[in-house]
Amino acid sequence: MTKTLNVAMIGGGFMGKAHAMAYAAMPMFFWPAPAIPHRKVVVDLTDGAANEARDRFGFDEASSDWQATVNRPDIDIVDICTPNNTHAKIAIEALKAGKHVICEKPLASTLEEAEAMAEAAKSSGSTTMVAFNYRRTPAVALAKKFIDDGRIGDVINFRGTYLQDWSADPDGPLSWRFQKSVAGSGAVGDIGTHVVDLAHYLVGPIETVQAITSTYVKTRPLQQGAVDKLGASQKSSGGERAEVDVDDEVMSMVRFANGAIGSIEATRNAWGRNNYITLEIHGTKGSIHFNYERRDELQVMFADDPAETRGFRTIYTGPAHPYGDGLWPIPALGIGYGETKIIECHDFCRAIFDGTRPSPDFAEALVTERVAEALIRSGKSGGWETAT
């Protein structure tokens with residue numbers, strides 16, 4: 001009989017919706033499932049918000065007391081979908097209570113908090129994961145397989161971007177994502193860490209960085225109401241404004257521990273770009289290109305192809321590729337953001353019962369946080385900064 005894992009999800013917003021959907025759908029996609037995630041309790045700031053999340057996301061119970069919830073003996077998994085500055089206190093409390101913990105990215109709002117979380121995870125013996133879901137896109141997993149199999153030889157160069165435009169309008173509201181006291185950083189932590197995670201997954205650890213960071217929109221209108229709004233969801237040209245004290249863009253050269261070099265760019269102020277994550281990796285025997293907005297496709301070029309057929313070819317991911325058995329029966333039938341969360345949920349539950357380390361766990365995500373901290377330092381100093 002498949003074991004049930006009772007889930008307490010802390011946070012009922014946008015990410016809570018994505019995680020709740022994954023818990024419901026994972027056994028439908030991956031059967032027999034490693035476990036059945038049971039949506040036991042959802043926690044939000046107020047009883048009213050928690051009750052609404054319970055009804056909307058299919059949880060049994062609602063609460064506004066996260067501390068009491070994570071210490072309940074009937075809870076197996078604590079899922080943290082809250083703003084960055086709350087991750088550490090919730091995760092550490094949950095780990096002390098013996099729970100398995102999955103936490104939204106970035107790991108924390110400061111490097112010190114991230115280090116404390118990684119140490120708590122190491123001491124606990126519990127399974128931890130950080131929700132860098134883009135590495136679980138089948139095309140990205142296929143790229144890793146080609147790299148690990150030596151199909152493109154030794155990696156010599158990595159170029160990664162994450163471009164969005166939801167905060168390009170200066171009249172977008174002052175979300176917590178624009179406040180250093182809550183988010184820790186701007187584009188660096190919010191989306192730049194995704195690119196760093198992909199770089200670590202595909203190439204290896206980044207050792208040093210030299211970055212430029214910029215803030216283009218210096219003030220934003222205060223939000224109306226208690227619900228946090230992303231910049232694209234509401235505009236307000238009048239009313240009181242407050243300071244933005246985080247970065248809008250980061251651009252950096254990077255050096256990897258294995259000798260490869262590369263570049264990383266992340267911004268939320270690129271008009272016309274929605275969720276434009278791109279990767280281009282060059283090796284001694286070929287190249288790989290990926291664009292998340294065409295997430296069923298991976299472009300590859302192998303140098304040992306006959307001269308008359310050399311060039312990028314497009315592979316449409318499907319049943320023959322990573323995670324293909326659990327998804328759809330026809331290549332290019334189409335996957336979305338939700339499927340990457342379903343795969344993430346599967347891998348986390350499987351790791352709990354296999355006793356293996358899911359990737360990235362808190363220790364791996366700490367390495368990404370060190371790179372993020374180095375990017376911020378370099379943006380201020382203008383020089384090369386060490387990330388290890």
# chains A, B, ... in the order shown; residues from 1 in each chain; ligands from 1
call {"tool": "select_by_dssp", "arguments": {"residues": "range 90-191 of chain A", "states": "strand (DSSP E)", "output": "list in words"}}
result
His100, Val101, Ile102, Cys103, Thr128, Met129, Val130, Val155, Ile156, Asn157, Phe158, Arg159, Gly160, Thr161, Tyr162 and Leu163 of chain A
call {"tool": "closest_residue", "arguments": {"among": "A:Val300, A:Ile335, A:Ala8, A:Ala25", "to": "Leu142 in chain A", "atoms": "only C-alpha atoms"}}
result
A:Val300
call {"tool": "closest_residue", "arguments": {"among": "A:Ala260, A:Thr267, A:Asp60, A:Leu222", "to": "Leu174 in chain A", "atoms": "only C-alpha atoms"}}
result
A:Leu222
call {"tool": "closest_atom_pairs", "arguments": {"of": "range 287-385 of chain A", "to": "range 109-122 of chain A", "cutoff": "10 Å", "atoms": "only C-alpha atoms", "output": "tab-separated table"}}
result
residue	atom	partner	partner_atom	distance
A:Asp361	CA	A:Ala118	CA	8.6
A:Phe362	CA	A:Ala118	CA	5.1
A:Ala363	CA	A:Ala118	CA	5.3
A:Glu364	CA	A:Ala118	CA	8.7
A:Ala365	CA	A:Ala114	CA	8.3
A:Leu366	CA	A:Ala114	CA	6.0
A:Val367	CA	A:Ala114	CA	9.5
A:Thr368	CA	A:Leu111	CA	9.9
A:Glu369	CA	A:Leu111	CA	6.2
A:Arg370	CA	A:Leu111	CA	6.7
A:Val371	CA	A:Leu111	CA	9.8
A:Ala372	CA	A:Leu111	CA	8.7
A:Glu373	CA	A:Leu111	CA	6.8
call {"tool": "atom_distance", "arguments": {"atom1": "CA of Phe59 in chain A", "atom2": "CA of Asn85 in chain A"}}
result
25.0 Å
call {"tool": "closest_atom_pairs", "arguments": {"of": "range 89-206 of chain A", "to": "range 17-21 of chain A", "cutoff": "12 Å", "atoms": "only C-alpha atoms", "output": "tab-separated table"}}
result
residue	atom	partner	partner_atom	distance
A:Ile102	CA	A:His19	CA	10.2
A:Cys103	CA	A:His19	CA	10.6
A:Glu104	CA	A:His19	CA	9.7
A:Ala131	CA	A:His19	CA	9.7
A:Asn133	CA	A:His19	CA	10.9
call {"tool": "closest_atom_pairs", "arguments": {"of": "range 71-113 of chain A", "to": "range 36-56 of chain A", "cutoff": "10 Å", "atoms": "only C-alpha atoms", "output": "Markdown table"}}
result
| residue | atom | partner | partner_atom | distance |
| --- | --- | --- | --- | --- |
| A:Asp74 | CA | A:Lys40 | CA | 9.0 |
| A:Ile75 | CA | A:Lys40 | CA | 7.8 |
| A:Asp76 | CA | A:Pro37 | CA | 9.5 |
| A:Ile77 | CA | A:Pro37 | CA | 8.8 |
| A:Val78 | CA | A:Val41 | CA | 9.6 |
| A:Asp79 | CA | A:Val42 | CA | 9.4 |
| A:Ile80 | CA | A:Val43 | CA | 9.8 |
| A:Cys81 | CA | A:Val43 | CA | 9.8 |
| A:Thr82 | CA | A:Asp44 | CA | 8.9 |
call {"tool": "atom_distance", "arguments": {"atom1": "CA of Val188 in chain A", "atom2": "CA of Thr215 in chain A"}}
result
11.5 Å
call {"tool": "closest_residue", "arguments": {"among": "A:His321, A:Lys105, A:Lys341, A:Arg151", "to": "Ile288 in chain A", "atoms": "only C-alpha atoms"}}
result
A:Arg151
call {"tool": "residues_around", "arguments": {"residues": "Ala211 in chain A", "least_positions_apart": "5", "cutoff": "8 Å", "atoms": "only C-alpha atoms", "output": "list of chain:residue names"}}
result
A:Val250, A:Met251, A:Ser252, A:Met253, A:Leu375, A:Ile376, A:Ser378, A:Gly379, A:Gly382, A:Gly383, A:Trp384
call {"tool": "closest_residue", "arguments": {"among": "A:Tyr201, A:Trp328, A:Phe14, A:Phe290", "to": "Arg159 in chain A", "atoms": "only C-alpha atoms"}}
result
A:Phe290
call {"tool": "residues_around", "arguments": {"residues": "Gly262 in chain A", "least_positions_apart": "6", "cutoff": "9 Å", "atoms": "only C-alpha atoms", "output": "list in words"}}
result
Ile156, Asn157, Phe158, Arg159, Gly160, Ser252, Met253, Val254, Arg255, Phe256 and Ile281 of chain A
call {"tool": "residues_around", "arguments": {"residues": "Pro106 in chain A", "least_positions_apart": "4", "cutoff": "8 Å", "atoms": "only C-alpha atoms", "output": "list in words"}}
result
Asn84, Val130, Gly189, Asp190, Thr193, Ala365 and Glu369 of chain A
call {"tool": "closest_residue", "arguments": {"among": "A:Trp176, A:Ala35, A:Glu385, A:Leu5", "to": "Lys99 in chain A", "atoms": "only C-alpha atoms"}}
result
A:Leu5
call {"tool": "atom_distance", "arguments": {"atom1": "CA of Ser287 in chain A", "atom2": "CA of Pro329 in chain A"}}
result
27.7 Å
call {"tool": "select_by_dssp", "arguments": {"residues": "range 144-339 of chain A", "states": "helix (DSSP H, G or I)", "output": "PyMOL selection string"}}
result
chain A and resi 144-148+176-178+180-183+187-202+292-294+307-309+324-326+337-339
call {"tool": "residues_around", "arguments": {"residues": "Tyr134 in chain A", "least_positions_apart": "6", "cutoff": "10 Å", "atoms": "only C-alpha atoms", "output": "list in words"}}
result
Val140, Ala141, His194, Val195, Asp197, Leu198, Ile277, Tyr292, Arg295, Tyr337, Thr340, Lys341 and Glu344 of chain A
